[in-house]
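I have placed the structure first, in the form of structure tokens, so that the comments after it can refer back to it.
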Amino acid sequence: MVIETDFSVQLRAYELMYTSFCMANIYEENRSVCKYVHANARGHEAIQLATAMQLLPHDCASPYYRDDAMLLGMGFSPYDLMLQLLAKADDPFSGGRSYYCHPSSRDPRYPLIPHQSSATGMQVIPTTGMAQGIQYKEQQGLLPADAPKSVVVCSIGDNAVTEGEVSEALQFAALKQLPIIYLVQDNDWGISVSGAEARCMTAYFMPKCRC
């Protein structure tokens, strides 16, 4: 990951935030064109772009179905996303076979993205496994000596933390000190319930670090 503070980066972030905002408006105005369920990043643009613009091609990322702003920040174009929205054969993620914002990519220009699922929290264990694989390769000397350090980002919503597999993944990642960041986007809502209806504590915690 790389941290940049240049004004041009800030300007680019603003441009992408506005692009995501406009795309969400277009989608809402034309829901009759697309017959299946699709969501957007409305209200989450800033955190998604702040995350995506730190990622490099040797990193890995697991966005979820509201993370289209994150995909824009990685470098995918609005046209790329709309190809998937309309199930077109030129969709760069799945050739039009997946719902909108269900990315998967091995394109070397972008972070590695495993195939996504609509099931809440389902991506967390496989993504944690990717981080374990990176750590194993590093520990076993299976990477070139000059290979850059990779990090994995797993994005989830706040109510996904109530899922059992999410708890398993968080515990395992903390235990093994895996190179993974869990990005919990907390808007106090799940798919159909509020945060108060789904959980009895905040959606985040700080595991004890054995550093």
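Just remember, in the structure tokens the first chain shown is A, the second B, etc., residues are 1-based per chain, and ligands are 1-based in the order shown.
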Could I get the residues of segment 129-158 of chain A with an atom no further than 12 Å from an atom of segment 187-196 of chain A, each paired with its nearest atom pair and that distance in Å to one decimal, using only C-alpha atoms, sorted by chain and residue number, as JSON lines?
```
{"residue": "A:Ile156", "atom": "CA", "partner": "A:Gly190", "partner_atom": "CA", "distance": 10.6}
{"residue": "A:Gly157", "atom": "CA", "partner": "A:Gly190", "partner_atom": "CA", "distance": 7.3}
{"residue": "A:Asp158", "atom": "CA", "partner": "A:Asp188", "partner_atom": "CA", "distance": 6.6}
```
Residues just named, written with C-alpha atoms as a PDB file, in the first residue's frame:
```pdb
ATOM      1  CA  ILE A 156     -18.028  -5.972   4.670  1.00  0.00           C
ATOM      2  CA  GLY A 157     -21.068  -4.181   6.036  1.00  0.00           C
ATOM      3  CA  ASP A 158     -21.693  -3.667   9.745  1.00  0.00           C
TER       4      ASP A 158
END
```
Write out as a PyMOL selection string all residues of segment 17-180 of chain A that backbone DSSP assigns to strand (DSSP E). chain A and resi 60-62+152-157+180
Written file, previous selection with C-alpha atoms, as a tab-separated table (two decimals), in the first residue's frame:
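The result, written out as out_38.tsv:
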```
chain	number	residue	atom	x	y	z
A	60	CYS	CA	-5.64	-8.34	-3.07
A	61	ALA	CA	-9.13	-7.04	-2.43
A	62	SER	CA	-12.53	-8.51	-1.76
A	152	VAL	CA	-5.45	-8.08	1.55
A	153	VAL	CA	-8.51	-5.88	2.05
A	154	CYS	CA	-11.84	-7.50	2.87
A	155	SER	CA	-14.84	-5.18	2.75
A	156	ILE	CA	-18.03	-5.97	4.67
A	157	GLY	CA	-21.07	-4.18	6.04
A	180	ILE	CA	-5.36	-8.45	6.09
```
Proximity check segment 78-163 of chain A to segment 22-29 of chain A, 10 Å, nearest pairs one decimal Å, only C-alpha atoms, as a tab-separated table:
```
residue	atom	partner	partner_atom	distance
A:Pro78	CA	A:Met23	CA	7.8
A:Leu81	CA	A:Met23	CA	9.8
A:Met82	CA	A:Met23	CA	9.2
A:Leu85	CA	A:Tyr27	CA	9.4
```
Select from segment 30-167 of chain A everything DSSP, run on the backbone, classes as helix (DSSP H, G or I), then give the selection as a VMD selection string. chain A and resid 45 to 52 68 to 74 78 to 85 124 to 139 158 to 162 164 to 167
Would you put the residues from that selection into a file with C-alpha atoms, as a CSV table (one decimal), in the first residue's frame?
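Below you can see part-v6.csv, which holds the result:
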```
chain,number,residue,atom,x,y,z
A,45,GLU,CA,-18.0,6.8,-1.5
A,46,ALA,CA,-15.3,8.5,0.6
A,47,ILE,CA,-14.2,5.4,2.6
A,48,GLN,CA,-14.3,3.2,-0.4
A,49,LEU,CA,-12.1,5.5,-2.5
A,50,ALA,CA,-9.7,6.2,0.4
A,51,THR,CA,-9.2,2.4,0.6
A,52,ALA,CA,-9.0,1.7,-3.1
A,68,ASP,CA,-18.7,0.2,-6.9
A,69,ALA,CA,-16.9,3.3,-5.8
A,70,MET,CA,-14.0,1.1,-4.6
A,71,LEU,CA,-13.8,-0.4,-8.0
A,72,LEU,CA,-13.7,3.0,-9.6
A,73,GLY,CA,-10.8,3.9,-7.2
A,74,MET,CA,-8.9,0.8,-8.3
A,78,PRO,CA,-17.9,3.4,-15.3
A,79,TYR,CA,-18.3,1.7,-18.6
A,80,ASP,CA,-16.8,-1.5,-17.2
A,81,LEU,CA,-19.3,-1.5,-14.3
A,82,MET,CA,-22.2,-0.8,-16.6
A,83,LEU,CA,-21.3,-3.7,-18.8
A,84,GLN,CA,-21.9,-6.0,-15.8
A,85,LEU,CA,-25.0,-4.1,-14.8
A,124,VAL,CA,-14.6,-13.2,4.7
A,125,ILE,CA,-13.3,-16.7,5.1
A,126,PRO,CA,-11.9,-17.1,1.6
A,127,THR,CA,-10.3,-13.7,1.7
A,128,THR,CA,-8.7,-14.5,5.0
A,129,GLY,CA,-7.4,-17.6,3.4
A,130,MET,CA,-5.8,-15.5,0.7
A,131,ALA,CA,-4.0,-13.6,3.4
A,132,GLN,CA,-2.8,-16.8,5.0
A,133,GLY,CA,-1.5,-18.0,1.7
A,134,ILE,CA,0.5,-14.7,1.3
A,135,GLN,CA,1.9,-15.2,4.8
A,136,TYR,CA,2.8,-18.8,4.1
A,137,LYS,CA,4.7,-17.9,0.9
A,138,GLU,CA,6.6,-15.2,2.7
A,139,GLN,CA,7.5,-17.5,5.6
A,158,ASP,CA,-21.7,-3.7,9.7
A,159,ASN,CA,-24.4,-6.3,10.1
A,160,ALA,CA,-22.2,-8.9,8.5
A,161,VAL,CA,-20.2,-9.1,11.7
A,162,THR,CA,-23.1,-11.0,13.2
A,164,GLY,CA,-20.5,-16.9,12.4
A,165,GLU,CA,-18.0,-17.2,9.6
A,166,VAL,CA,-17.0,-13.5,10.1
A,167,SER,CA,-16.2,-14.1,13.7
```
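Closest to Leu86 of chain A among A:Val37, A:Cys200, A:Asp107, A:Gln140 is A:Val37, based on only C-alpha atoms.
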Computed gap from atom CA of Gln116 of chain A to atom CA of Cys101 of chain A is 8.5 Å
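Here atom CA of Leu170 of chain A stands at a distance of 13.0 Å from atom CA of Met122 of chain A.
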Please produce, as a tab-separated table, a per-residue contact table for segment 1-99 of chain A versus segment 147-151 of chain A (criterion: any atom at most 9 Å away, only C-alpha atoms considered), showing the nearest atom pair and its distance in Å to one decimal, sorted by chain then residue number.
```
residue	atom	partner	partner_atom	distance
A:Met1	CA	A:Val151	CA	7.2
A:Leu55	CA	A:Val151	CA	8.3
A:Leu56	CA	A:Ser150	CA	8.5
A:His58	CA	A:Ser150	CA	5.9
A:Asp59	CA	A:Ser150	CA	4.8
A:Cys60	CA	A:Val151	CA	6.3
A:Ala61	CA	A:Val151	CA	8.4
```
Find the residues near Pro103 of chain A: any atom within 7 Å, counting only C-alpha atoms, skip ones fewer than 4 places away on the same chain, and give them as a ChimeraX atom specification. /A:93,113,115-116
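Counting from atom CA of Ser105 of chain A, the distance to atom CA of Ala89 of chain A is 15.2 Å.
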